[in-house]
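Source file work_38.json; content: JSON, C-alpha atoms.
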```
[["chain", "number", "residue", "atom", "x", "y", "z"],
["A", 238, "MET", "CA", 0.00, 0.00, 0.00],
["A", 239, "ARG", "CA", 1.71, 3.19, -1.20],
["A", 240, "ILE", "CA", 0.59, 6.17, 0.86],
["A", 241, "GLY", "CA", 0.41, 9.81, -0.17],
["A", 242, "PHE", "CA", -0.33, 12.84, 1.99],
["A", 243, "ILE", "CA", -2.43, 15.87, 1.10],
["A", 244, "GLY", "CA", -1.48, 18.47, 3.68],
["A", 245, "ALA", "CA", 1.93, 18.97, 5.25],
["A", 246, "GLY", "CA", 1.30, 20.16, 8.77],
["A", 247, "LYS", "CA", 2.08, 18.46, 12.08],
["A", 248, "VAL", "CA", -0.11, 15.43, 11.43],
["A", 249, "GLY", "CA", 1.19, 14.91, 7.89],
["A", 250, "PHE", "CA", 4.82, 15.23, 9.00],
["A", 251, "THR", "CA", 4.31, 12.90, 11.95],
["A", 252, "LEU", "CA", 2.37, 10.13, 10.23],
["A", 253, "GLY", "CA", 4.56, 10.21, 7.14],
["A", 254, "ARG", "CA", 7.72, 9.76, 9.19],
["A", 255, "TYR", "CA", 6.01, 7.17, 11.38],
["A", 256, "PHE", "CA", 5.13, 5.14, 8.28],
["A", 257, "THR", "CA", 8.58, 5.37, 6.73],
["A", 258, "GLU", "CA", 10.25, 4.46, 10.04],
["A", 259, "HIS", "CA", 8.21, 1.24, 9.93],
["A", 260, "GLY", "CA", 9.06, 0.41, 6.34],
["A", 261, "ILE", "CA", 5.82, 1.62, 4.73],
["A", 262, "ASP", "CA", 6.16, 3.05, 1.21],
["A", 263, "VAL", "CA", 5.21, 6.74, 1.25],
["A", 264, "SER", "CA", 4.83, 8.30, -2.20],
["A", 265, "GLY", "CA", 5.09, 11.89, -0.94],
["A", 266, "TYR", "CA", 3.23, 15.12, -0.27],
["A", 267, "TYR", "CA", 1.02, 17.66, -1.93],
["A", 268, "SER", "CA", 0.14, 20.94, -0.21],
["A", 269, "LYS", "CA", -1.43, 24.22, -1.26],
["A", 270, "ASN", "CA", 1.81, 25.63, 0.18],
["A", 271, "PRO", "CA", 4.52, 23.99, -1.97],
["A", 272, "ARG", "CA", 7.21, 24.91, 0.53],
["A", 273, "SER", "CA", 5.45, 22.85, 3.23],
["A", 274, "ALA", "CA", 5.29, 19.86, 0.88],
["A", 275, "ASP", "CA", 9.02, 20.25, 0.16],
["A", 276, "GLU", "CA", 9.84, 20.32, 3.88],
["A", 277, "ALA", "CA", 7.68, 17.28, 4.62],
["A", 278, "SER", "CA", 9.14, 15.29, 1.73],
["A", 279, "GLU", "CA", 12.67, 16.14, 2.86],
["A", 280, "PHE", "CA", 11.82, 15.12, 6.43],
["A", 281, "THR", "CA", 10.42, 11.77, 5.29],
["A", 282, "HIS", "CA", 12.86, 11.19, 2.37],
["A", 283, "THR", "CA", 9.99, 11.08, -0.09],
["A", 284, "LYS", "CA", 8.78, 13.22, -3.01],
["A", 285, "SER", "CA", 7.08, 16.59, -3.20],
["A", 286, "TYR", "CA", 4.30, 16.97, -5.77],
["A", 287, "ARG", "CA", 3.21, 20.21, -7.39],
["A", 288, "GLN", "CA", 0.05, 18.67, -8.88],
["A", 289, "LEU", "CA", -2.60, 16.83, -6.90],
["A", 290, "GLU", "CA", -3.18, 14.46, -9.82],
["A", 291, "GLY", "CA", 0.45, 13.33, -9.74],
["A", 292, "LEU", "CA", 0.27, 12.36, -6.07],
["A", 293, "THR", "CA", -3.08, 10.67, -6.61],
["A", 294, "ASP", "CA", -1.77, 8.54, -9.47],
["A", 295, "ALA", "CA", 1.33, 7.56, -7.45],
["A", 296, "SER", "CA", -0.63, 6.45, -4.35],
["A", 297, "ASP", "CA", -2.81, 3.52, -3.35],
["A", 298, "ALA", "CA", -4.00, 5.39, -0.27],
["A", 299, "LEU", "CA", -4.35, 9.11, 0.32],
["A", 300, "PHE", "CA", -4.28, 10.67, 3.79],
["A", 301, "LEU", "CA", -5.99, 14.05, 3.91],
["A", 302, "THR", "CA", -3.97, 15.56, 6.76],
["A", 303, "CYS", "CA", -5.50, 19.01, 6.50],
["A", 304, "PRO", "CA", -7.72, 20.92, 8.98],
["A", 305, "ASP", "CA", -11.14, 19.36, 9.58],
["A", 306, "GLY", "CA", -12.91, 22.22, 7.84],
["A", 307, "GLU", "CA", -10.97, 21.61, 4.62],
["A", 308, "ILE", "CA", -11.44, 17.84, 4.34],
["A", 309, "GLY", "CA", -14.70, 18.12, 2.42],
["A", 310, "SER", "CA", -13.36, 20.59, -0.15],
["A", 311, "VAL", "CA", -10.14, 18.59, -0.67],
["A", 312, "TRP", "CA", -12.24, 15.49, -1.19],
["A", 313, "ASN", "CA", -14.34, 17.30, -3.78],
["A", 314, "SER", "CA", -11.13, 18.24, -5.59],
["A", 315, "LEU", "CA", -10.07, 14.59, -5.64],
["A", 316, "LYS", "CA", -13.30, 13.44, -7.27],
["A", 317, "ARG", "CA", -12.13, 14.62, -10.70],
["A", 318, "TYR", "CA", -9.41, 11.92, -10.74],
["A", 319, "ASP", "CA", -9.50, 8.15, -11.05],
["A", 320, "LEU", "CA", -9.85, 6.87, -7.48],
["A", 321, "SER", "CA", -10.90, 3.33, -8.28],
["A", 322, "GLY", "CA", -9.66, 0.90, -5.62],
["A", 323, "LYS", "CA", -7.94, 3.59, -3.54],
["A", 324, "CYS", "CA", -8.26, 4.18, 0.19],
["A", 325, "ILE", "CA", -9.13, 7.75, 1.15],
["A", 326, "CYS", "CA", -8.33, 8.51, 4.79],
["A", 327, "HIS", "CA", -8.48, 11.45, 7.15],
["A", 328, "CYS", "CA", -7.25, 11.83, 10.72],
["A", 329, "SER", "CA", -10.04, 13.87, 12.29],
["A", 330, "GLY", "CA", -11.23, 12.76, 15.69],
["A", 331, "ALA", "CA", -14.73, 14.15, 15.27],
["A", 332, "LEU", "CA", -15.51, 13.49, 11.59],
["A", 333, "SER", "CA", -16.37, 10.06, 10.25],
["A", 334, "SER", "CA", -15.67, 8.61, 6.82],
["A", 335, "ALA", "CA", -19.13, 9.86, 5.81],
["A", 336, "VAL", "CA", -17.44, 13.18, 4.93],
["A", 337, "PHE", "CA", -16.32, 11.41, 1.74],
["A", 338, "SER", "CA", -19.64, 11.85, -0.03],
["A", 339, "GLU", "CA", -20.40, 9.60, -3.05],
["A", 340, "ILE", "CA", -17.19, 7.64, -2.45],
["A", 341, "ASP", "CA", -18.88, 4.36, -3.42],
["A", 342, "GLN", "CA", -19.63, 5.84, -6.84],
["A", 343, "MET", "CA", -15.93, 6.63, -7.20],
["A", 344, "GLY", "CA", -14.98, 3.02, -6.51],
["A", 345, "ALA", "CA", -12.89, 4.08, -3.50],
["A", 346, "PHE", "CA", -12.99, 3.22, 0.21],
["A", 347, "GLY", "CA", -13.17, 5.79, 3.00],
["A", 348, "TYR", "CA", -11.62, 5.70, 6.49],
["A", 349, "SER", "CA", -11.09, 7.91, 9.49],
["A", 350, "ILE", "CA", -7.88, 6.93, 11.28],
["A", 351, "HIS", "CA", -7.28, 8.88, 14.46],
["A", 352, "PRO", "CA", -4.32, 8.73, 16.86],
["A", 353, "LEU", "CA", -5.50, 9.43, 20.40],
["A", 354, "PHE", "CA", -2.48, 11.64, 20.94],
["A", 355, "ALA", "CA", -1.71, 15.35, 21.03],
["A", 356, "ILE", "CA", 0.73, 15.90, 18.15],
["A", 357, "HIS", "CA", 2.71, 18.90, 19.34],
["A", 358, "SER", "CA", 5.70, 18.95, 17.00],
["A", 359, "LYS", "CA", 6.18, 18.39, 13.27],
["A", 360, "THR", "CA", 9.62, 16.92, 13.75],
["A", 361, "GLU", "CA", 9.53, 15.18, 17.15],
["A", 362, "SER", "CA", 6.05, 13.71, 17.74],
["A", 363, "PHE", "CA", 6.66, 10.66, 15.51],
["A", 364, "ARG", "CA", 9.05, 9.39, 18.19],
["A", 365, "GLU", "CA", 6.21, 9.20, 20.71],
["A", 366, "LEU", "CA", 3.46, 7.93, 18.43],
["A", 367, "SER", "CA", 4.17, 4.28, 19.25],
["A", 368, "ASN", "CA", 2.56, 4.95, 22.65],
["A", 369, "SER", "CA", -0.65, 6.18, 21.03],
["A", 370, "PHE", "CA", -3.97, 4.35, 20.84],
["A", 371, "PHE", "CA", -5.55, 4.49, 17.36],
["A", 372, "THR", "CA", -9.21, 4.29, 16.40],
["A", 373, "ILE", "CA", -10.27, 3.33, 12.90],
["A", 374, "GLU", "CA", -13.66, 3.69, 11.26],
["A", 375, "GLY", "CA", -14.68, 3.06, 7.67],
["A", 376, "HIS", "CA", -15.40, 0.56, 4.91],
["A", 377, "GLU", "CA", -15.09, -3.11, 5.82],
["A", 378, "LYS", "CA", -12.85, -3.96, 2.85],
["A", 379, "TYR", "CA", -9.60, -2.57, 4.29],
["A", 380, "LEU", "CA", -10.61, -2.10, 7.92],
["A", 381, "LYS", "CA", -8.68, -5.18, 9.04],
["A", 382, "PHE", "CA", -5.68, -4.15, 6.92],
["A", 383, "TRP", "CA", -5.37, -0.76, 8.60],
["A", 384, "GLN", "CA", -5.94, -2.24, 12.03],
["A", 385, "GLU", "CA", -3.25, -4.88, 11.55],
["A", 386, "THR", "CA", -0.86, -2.32, 10.05],
["A", 387, "PHE", "CA", -0.90, -0.12, 13.14],
["A", 388, "GLU", "CA", -0.87, -3.12, 15.46],
["A", 389, "SER", "CA", 2.31, -4.29, 13.69],
["A", 390, "PHE", "CA", 3.85, -0.95, 14.72],
["A", 391, "GLY", "CA", 3.05, -1.78, 18.36],
["A", 392, "ASN", "CA", -0.04, 0.44, 18.66],
["A", 393, "HIS", "CA", -3.29, -0.58, 20.32],
["A", 394, "VAL", "CA", -6.15, -0.20, 17.84],
["A", 395, "LYS", "CA", -9.93, -0.15, 18.19],
["A", 396, "ALA", "CA", -12.43, -0.19, 15.33],
["A", 397, "ILE", "CA", -15.47, 2.02, 15.98],
["A", 398, "THR", "CA", -18.58, 2.93, 13.99],
["A", 399, "SER", "CA", -19.35, 6.23, 12.29],
["A", 400, "GLU", "CA", -22.17, 6.79, 14.82],
["A", 401, "GLN", "CA", -19.66, 6.60, 17.69],
["A", 402, "LYS", "CA", -17.17, 9.11, 16.30],
["A", 403, "VAL", "CA", -18.52, 12.33, 17.85],
["A", 404, "LEU", "CA", -19.03, 10.75, 21.27],
["A", 405, "TYR", "CA", -15.56, 9.21, 21.09],
["A", 406, "HIS", "CA", -14.06, 12.60, 20.29],
["A", 407, "ALA", "CA", -15.97, 14.21, 23.15],
["A", 408, "ALA", "CA", -14.41, 11.64, 25.51],
["A", 409, "ALA", "CA", -10.97, 12.62, 24.24],
["A", 410, "VAL", "CA", -11.77, 16.29, 24.88],
["A", 411, "PHE", "CA", -12.82, 15.47, 28.45],
["A", 412, "ALA", "CA", -9.51, 13.68, 29.09],
["A", 413, "SER", "CA", -7.32, 16.27, 27.38],
["A", 414, "ASN", "CA", -8.60, 19.75, 26.49],
["A", 415, "LEU", "CA", -11.03, 20.15, 29.39],
["A", 416, "VAL", "CA", -8.28, 19.15, 31.81],
["A", 417, "CYS", "CA", -6.35, 22.20, 30.58],
["A", 418, "GLY", "CA", -9.26, 24.38, 31.62],
["A", 419, "LEU", "CA", -9.54, 22.69, 34.99],
["A", 420, "PHE", "CA", -5.84, 23.02, 35.72],
["A", 421, "ASP", "CA", -5.90, 26.70, 34.69],
["A", 422, "GLU", "CA", -8.79, 27.34, 37.09],
["A", 423, "ALA", "CA", -6.70, 25.78, 39.86],
["A", 424, "VAL", "CA", -3.80, 28.08, 38.95],
["A", 425, "GLN", "CA", -6.07, 31.14, 39.04],
["A", 426, "ILE", "CA", -7.38, 30.15, 42.49],
["A", 427, "MET", "CA", -3.79, 29.77, 43.70],
["A", 428, "GLU", "CA", -3.04, 33.26, 42.38],
["A", 429, "LYS", "CA", -5.73, 34.58, 44.73],
["A", 430, "CYS", "CA", -3.63, 33.11, 47.52],
["A", 431, "GLY", "CA", -0.62, 35.18, 46.48],
["A", 432, "PHE", "CA", 1.10, 32.74, 44.13],
["A", 433, "SER", "CA", 2.48, 33.84, 40.80],
["A", 434, "SER", "CA", 1.28, 31.84, 37.81],
["A", 435, "GLU", "CA", 4.67, 30.14, 37.54],
["A", 436, "ASP", "CA", 4.80, 29.29, 41.26],
["A", 437, "ALA", "CA", 1.24, 27.96, 41.13],
["A", 438, "ARG", "CA", 2.07, 25.59, 38.27],
["A", 439, "GLU", "CA", 5.20, 24.43, 40.06],
["A", 440, "ALA", "CA", 3.29, 23.84, 43.29],
["A", 441, "LEU", "CA", 0.36, 22.03, 41.66],
["A", 442, "GLY", "CA", 2.45, 20.08, 39.15],
["A", 443, "PRO", "CA", 3.51, 17.10, 41.30],
["A", 444, "LEU", "CA", -0.01, 16.74, 42.72],
["A", 445, "PHE", "CA", -1.50, 16.86, 39.24],
["A", 446, "LEU", "CA", 0.98, 14.47, 37.62],
["A", 447, "ASN", "CA", 0.96, 11.90, 40.44],
["A", 448, "ASN", "CA", -2.82, 11.85, 40.46],
["A", 449, "ALA", "CA", -2.94, 11.49, 36.66],
["A", 450, "GLU", "CA", -0.53, 8.53, 36.79],
["A", 451, "SER", "CA", -2.57, 6.87, 39.53],
["A", 452, "LEU", "CA", -5.80, 7.51, 37.65],
["A", 453, "VAL", "CA", -4.53, 5.91, 34.44],
["A", 454, "ARG", "CA", -2.83, 3.05, 36.24],
["A", 455, "ASN", "CA", -5.53, 2.19, 38.77],
["A", 456, "GLY", "CA", -8.80, 3.73, 37.54],
["A", 457, "ALA", "CA", -10.92, 6.45, 39.11],
["A", 458, "VAL", "CA", -12.33, 4.40, 41.99],
["A", 459, "LYS", "CA", -8.92, 3.46, 43.42],
["A", 460, "ALA", "CA", -7.31, 6.81, 42.62],
["A", 461, "LEU", "CA", -9.97, 8.99, 44.26],
["A", 462, "THR", "CA", -9.00, 10.85, 47.43],
["A", 463, "GLY", "CA", -10.06, 14.16, 49.00],
["A", 464, "PRO", "CA", -12.95, 15.64, 50.97],
["A", 465, "VAL", "CA", -15.76, 14.26, 48.80],
["A", 466, "GLU", "CA", -14.33, 10.73, 49.06],
["A", 467, "ARG", "CA", -14.05, 11.18, 52.85],
["A", 468, "ALA", "CA", -17.63, 12.56, 53.01],
["A", 469, "ASP", "CA", -16.15, 15.63, 54.70],
["A", 470, "VAL", "CA", -19.18, 17.91, 54.50],
["A", 471, "ASN", "CA", -17.62, 20.77, 56.49],
["A", 472, "THR", "CA", -14.62, 21.08, 54.18],
["A", 473, "VAL", "CA", -16.74, 20.88, 51.03],
["A", 474, "ARG", "CA", -19.05, 23.59, 52.42],
["A", 475, "LYS", "CA", -16.07, 25.84, 53.19],
["A", 476, "HIS", "CA", -14.76, 25.37, 49.66],
["A", 477, "MET", "CA", -18.12, 26.29, 48.20],
["A", 478, "ASP", "CA", -18.40, 29.41, 50.35],
["A", 479, "ALA", "CA", -14.95, 30.57, 49.22],
["A", 480, "LEU", "CA", -15.33, 30.08, 45.48],
["A", 481, "SER", "CA", -16.61, 32.51, 42.86],
["A", 482, "LYS", "CA", -19.80, 31.71, 40.97],
["A", 483, "LYS", "CA", -17.89, 30.39, 37.96],
["A", 484, "GLU", "CA", -15.57, 28.30, 40.12],
["A", 485, "LEU", "CA", -18.50, 27.04, 42.16],
["A", 486, "GLU", "CA", -20.28, 25.76, 39.05],
["A", 487, "THR", "CA", -17.28, 23.67, 38.09],
["A", 488, "TYR", "CA", -16.78, 22.49, 41.66],
["A", 489, "ILE", "CA", -20.37, 21.32, 42.11],
["A", 490, "THR", "CA", -20.60, 19.61, 38.73],
["A", 491, "LEU", "CA", -17.41, 17.62, 39.19],
["A", 492, "SER", "CA", -17.98, 16.94, 42.89],
["A", 493, "SER", "CA", -21.32, 15.34, 41.97],
["A", 494, "VAL", "CA", -19.41, 12.99, 39.66],
["A", 495, "LEU", "CA", -16.90, 12.31, 42.43],
["A", 496, "ALA", "CA", -19.71, 11.42, 44.82],
["A", 497, "ASP", "CA", -20.84, 8.67, 42.45],
["A", 498, "ILE", "CA", -17.27, 7.36, 42.23],
["A", 499, "ALA", "CA", -16.87, 7.57, 46.02],
["A", 500, "LYS", "CA", -19.98, 5.44, 46.56],
["A", 501, "LYS", "CA", -18.37, 2.71, 44.47],
["A", 502, "LYS", "CA", -15.14, 2.96, 46.46],
["A", 503, "ASN", "CA", -16.81, 3.05, 49.87],
["A", 504, "PRO", "CA", -20.25, 1.42, 49.59],
["A", 505, "GLN", "CA", -20.54, 1.35, 53.38],
["A", 506, "ARG", "CA", -20.06, 5.11, 53.73],
["A", 507, "ASP", "CA", -22.99, 7.53, 53.77],
["A", 508, "TYR", "CA", -22.70, 10.28, 51.15],
["A", 509, "GLU", "CA", -26.23, 11.66, 51.42],
["A", 510, "ASN", "CA", -25.16, 14.81, 53.26],
["A", 511, "ILE", "CA", -22.56, 15.58, 50.60],
["A", 512, "ILE", "CA", -25.06, 15.00, 47.80],
["A", 513, "ASP", "CA", -27.70, 17.13, 49.51],
["A", 514, "LEU", "CA", -25.22, 19.97, 49.97],
["A", 515, "LEU", "CA", -24.25, 19.90, 46.31],
["A", 516, "HIS", "CA", -27.89, 19.83, 45.16],
["A", 517, "GLU", "CA", -28.85, 22.66, 47.49],
["A", 518, "ASN", "CA", -26.33, 24.89, 45.78],
["A", 519, "ASP", "CA", -27.38, 24.07, 42.21],
["A", 520, "GLU", "CA", -29.68, 27.09, 42.29],
["A", 521, "ARG", "CA", -26.69, 29.41, 42.71],
["A", 522, "TYR", "CA", -26.02, 29.18, 38.98],
["A", 523, "GLY", "CA", -29.51, 28.45, 37.69],
["A", 524, "LYS", "CA", -29.72, 24.67, 37.61]]
```
Encoded form using structure tokens:
Amino acid sequence: MRIGFIGAGKVGFTLGRYFTEHGIDVSGYYSKNPRSADEASEFTHTKSYRQLEGLTDASDALFLTCPDGEIGSVWNSLKRYDLSGKCICHCSGALSSAVFSEIDQMGAFGYSIHPLFAIHSKTESFRELSNSFFTIEGHEKYLKFWQETFESFGNHVKAITSEQKVLYHAAAVFASNLVCGLFDEAVQIMEKCGFSSEDAREALGPLFLNNAESLVRNGAVKALTGPVERADVNTVRKHMDALSKKELETYITLSSVLADIAKKKNPQRDYENIIDLLHENDERYGK
């Protein structure tokens, strides 16, 4: 399977190098910015194409590694060429292969192949991609091929349906992007206590990282500690009295989730007072 890339950003750089490092034949890159295609081809020791048709003819599979909002228009541009028997793939977490409209009529096969990994660098992230979990969704014909290809690289792979894509992506946002917001709120609260932003991050860092490692290693039930888990109503009430309206909303929402986890950890412990306190304060922000 000879693979070509349309788009030469971080994802295109990373996947292209990841493929070549594992002995996969990469035909090269096409980009609306020819300089980006040149840089990506040099990085992966492949070819840079000035015409989309040339890359299409040279490839058995095309990865559309462009922003989500451009996938549809790039696909429409591809429809003018002979795509018979080719795999057309994108790497969006939220979009399914359904974005490739009329692909059956083109004789091609569509896939969404998503690494559950934050690609932060064009030139370094390929080194860490072996630790990433991949999800694959698309036509049955080559689904097993793509799954076995990434498994041969050492990745864990899960096939999902097109109906599951948006919910899957939302889960990834909860575990990644929303955590950024939560950590930043913690930093801002620390700043109210006289910490600088840098000192707050340094102070909270070990707590955050150790908890994250425990959470991934042991699961939420075993990892949970703190006043909600202890059913410490007085401490939770003091927290709620001290927080701003915005902070309080976050605190109550997440503490309600923690109460459910705590009941699983300590089924003998009574959490009704904690739950009642949290529900009593819902009205503070209109719930």
Exercise. Could you name the residues that touch segment 319-333 of chain A at 10 Å or less, counting only C-alpha atoms, but leaving out those on the same chain fewer than 5 positions away, as JSON, numbers by chain?
Worked result: {"A": [238, 239, 240, 241, 242, 243, 248, 249, 252, 290, 293, 294, 296, 297, 298, 299, 300, 301, 302, 303, 304, 305, 306, 308, 312, 340, 341, 342, 343, 344, 345, 346, 347, 348, 349, 350, 351, 352, 353, 372, 373, 374, 375, 376, 378, 379, 397, 398, 399, 400, 401, 402, 403, 404, 405, 406, 407, 409, 410]}
Problem set entry | Option closest in space to Phe411 of chain A, from A:Leu491, A:Ala277, A:Val458, A:Lys269 [counting only C-alpha atoms] | A:Leu491
For this session: Find the residues around Glu388 of chain A up to 12 Å (only C-alpha atoms counted), leave out those fewer than 3 positions away in its own chain, and share them as a list of chain:residue names.
Result: A:His259, A:Ser367, A:Asn368, A:Ser369, A:Phe370, A:Phe371, A:Thr372, A:Ile373, A:Lys381, A:Phe382, A:Trp383, A:Gln384, A:Glu385, A:Gly391, A:Asn392, A:His393, A:Val394, A:Lys395, A:Ala396
Exercise. Hey, can you check how far atom CA of Arg364 of chain A sits from atom CA of Tyr255 of chain A?
Worked result: 7.8 Å
For this session: Within 7 Å of segment 467-478 of chain A, counting all atoms listed in the file, which residues show up once you throw out same-chain ones fewer than 6 positions away? Write them as a ChimeraX atom specification, please.
Result: /A:485,508,510-511
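Of the listed residues A:Val416, A:Val494, A:Ala335, A:Met427, the one whose atoms come nearest to Ala449 of chain A is A:Val416, with distances taken using only C-alpha atoms.
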For this session: Quote the spacing between atom CA of Glu435 of chain A and atom CA of Asp421 of chain A in Å to one decimal place.
Result: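 For atom CA of Glu435 of chain A relative to atom CA of Asp421 of chain A, the distance reads 11.5 Å.
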For this session: Could you jot down the atom CA of Pro443 of chain A to atom CA of Phe363 of chain A separation for me, Å, one decimal place?
Result: 26.8 Å
Exercise. Which residue gives the smallest distance to Ser273 of chain A among A:Ala245, A:Leu289, A:Ala295, A:Leu419, with all atoms listed in the file counted?
Worked result: A:Ala245
Exercise. Smallest atom-to-atom distance to Glu486 of chain A: which of A:His516, A:Ile498, A:Ser285, A:Lys247, using all atoms listed in the file?
Worked result: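 When distances to Glu486 of chain A are compared using all atoms listed in the file, the smallest one comes from A:His516.
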Could you complete segment 287-305 of chain A so that it carries N, CA, C and O atoms, and give it back as a short mmCIF file (atom, residue, chain, number, x, y, z; two decimals), in the frame of the given file?
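File written: result.cif
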```
data_model
loop_
_atom_site.label_atom_id
_atom_site.label_comp_id
_atom_site.auth_asym_id
_atom_site.auth_seq_id
_atom_site.Cartn_x
_atom_site.Cartn_y
_atom_site.Cartn_z
N ARG A 287 3.80 18.90 -7.12
CA ARG A 287 3.21 20.21 -7.39
C ARG A 287 1.78 20.10 -7.89
O ARG A 287 1.02 21.05 -7.85
N GLN A 288 1.40 18.90 -8.38
CA GLN A 288 0.05 18.67 -8.88
C GLN A 288 -0.62 17.56 -8.07
O GLN A 288 -0.02 16.50 -7.83
N LEU A 289 -1.85 17.82 -7.67
CA LEU A 289 -2.60 16.83 -6.90
C LEU A 289 -2.78 15.54 -7.68
O LEU A 289 -2.73 14.44 -7.12
N GLU A 290 -2.97 15.65 -8.99
CA GLU A 290 -3.18 14.46 -9.82
C GLU A 290 -1.96 13.54 -9.79
O GLU A 290 -2.09 12.31 -9.76
N GLY A 291 -0.77 14.14 -9.77
CA GLY A 291 0.45 13.33 -9.74
C GLY A 291 0.54 12.49 -8.47
O GLY A 291 0.89 11.30 -8.53
N LEU A 292 0.25 13.10 -7.33
CA LEU A 292 0.27 12.36 -6.07
C LEU A 292 -0.81 11.28 -6.06
O LEU A 292 -0.57 10.16 -5.60
N THR A 293 -1.98 11.63 -6.58
CA THR A 293 -3.08 10.67 -6.61
C THR A 293 -2.71 9.44 -7.44
O THR A 293 -2.93 8.30 -7.01
N ASP A 294 -2.15 9.65 -8.61
CA ASP A 294 -1.77 8.54 -9.47
C ASP A 294 -0.68 7.67 -8.84
O ASP A 294 -0.64 6.46 -9.07
N ALA A 295 0.19 8.29 -8.03
CA ALA A 295 1.33 7.56 -7.45
C ALA A 295 0.97 6.83 -6.17
O ALA A 295 1.83 6.13 -5.60
N SER A 296 -0.27 6.96 -5.68
CA SER A 296 -0.63 6.45 -4.35
C SER A 296 -1.78 5.46 -4.41
O SER A 296 -2.72 5.62 -5.20
N ASP A 297 -1.70 4.45 -3.54
CA ASP A 297 -2.81 3.52 -3.35
C ASP A 297 -3.75 4.02 -2.26
O ASP A 297 -4.93 3.66 -2.25
N ALA A 298 -3.21 4.80 -1.36
CA ALA A 298 -4.00 5.39 -0.27
C ALA A 298 -3.62 6.85 -0.13
O ALA A 298 -2.44 7.20 -0.25
N LEU A 299 -4.60 7.69 0.12
CA LEU A 299 -4.35 9.11 0.32
C LEU A 299 -4.82 9.52 1.71
O LEU A 299 -5.98 9.25 2.08
N PHE A 300 -3.93 10.14 2.47
CA PHE A 300 -4.28 10.67 3.79
C PHE A 300 -4.49 12.17 3.66
O PHE A 300 -3.56 12.89 3.29
N LEU A 301 -5.68 12.62 3.96
CA LEU A 301 -5.99 14.05 3.91
C LEU A 301 -5.67 14.64 5.29
O LEU A 301 -6.52 14.71 6.17
N THR A 302 -4.43 15.03 5.47
CA THR A 302 -3.97 15.56 6.76
C THR A 302 -4.02 17.09 6.73
O THR A 302 -3.01 17.77 6.90
N CYS A 303 -5.23 17.57 6.53
CA CYS A 303 -5.50 19.01 6.50
C CYS A 303 -6.49 19.32 7.62
O CYS A 303 -7.04 18.40 8.23
N PRO A 304 -6.74 20.60 7.93
CA PRO A 304 -7.72 20.92 8.98
C PRO A 304 -9.09 20.32 8.68
O PRO A 304 -9.48 20.15 7.51
N ASP A 305 -9.83 20.00 9.74
CA ASP A 305 -11.14 19.36 9.58
C ASP A 305 -12.04 20.10 8.60
O ASP A 305 -12.72 19.49 7.78
#
```
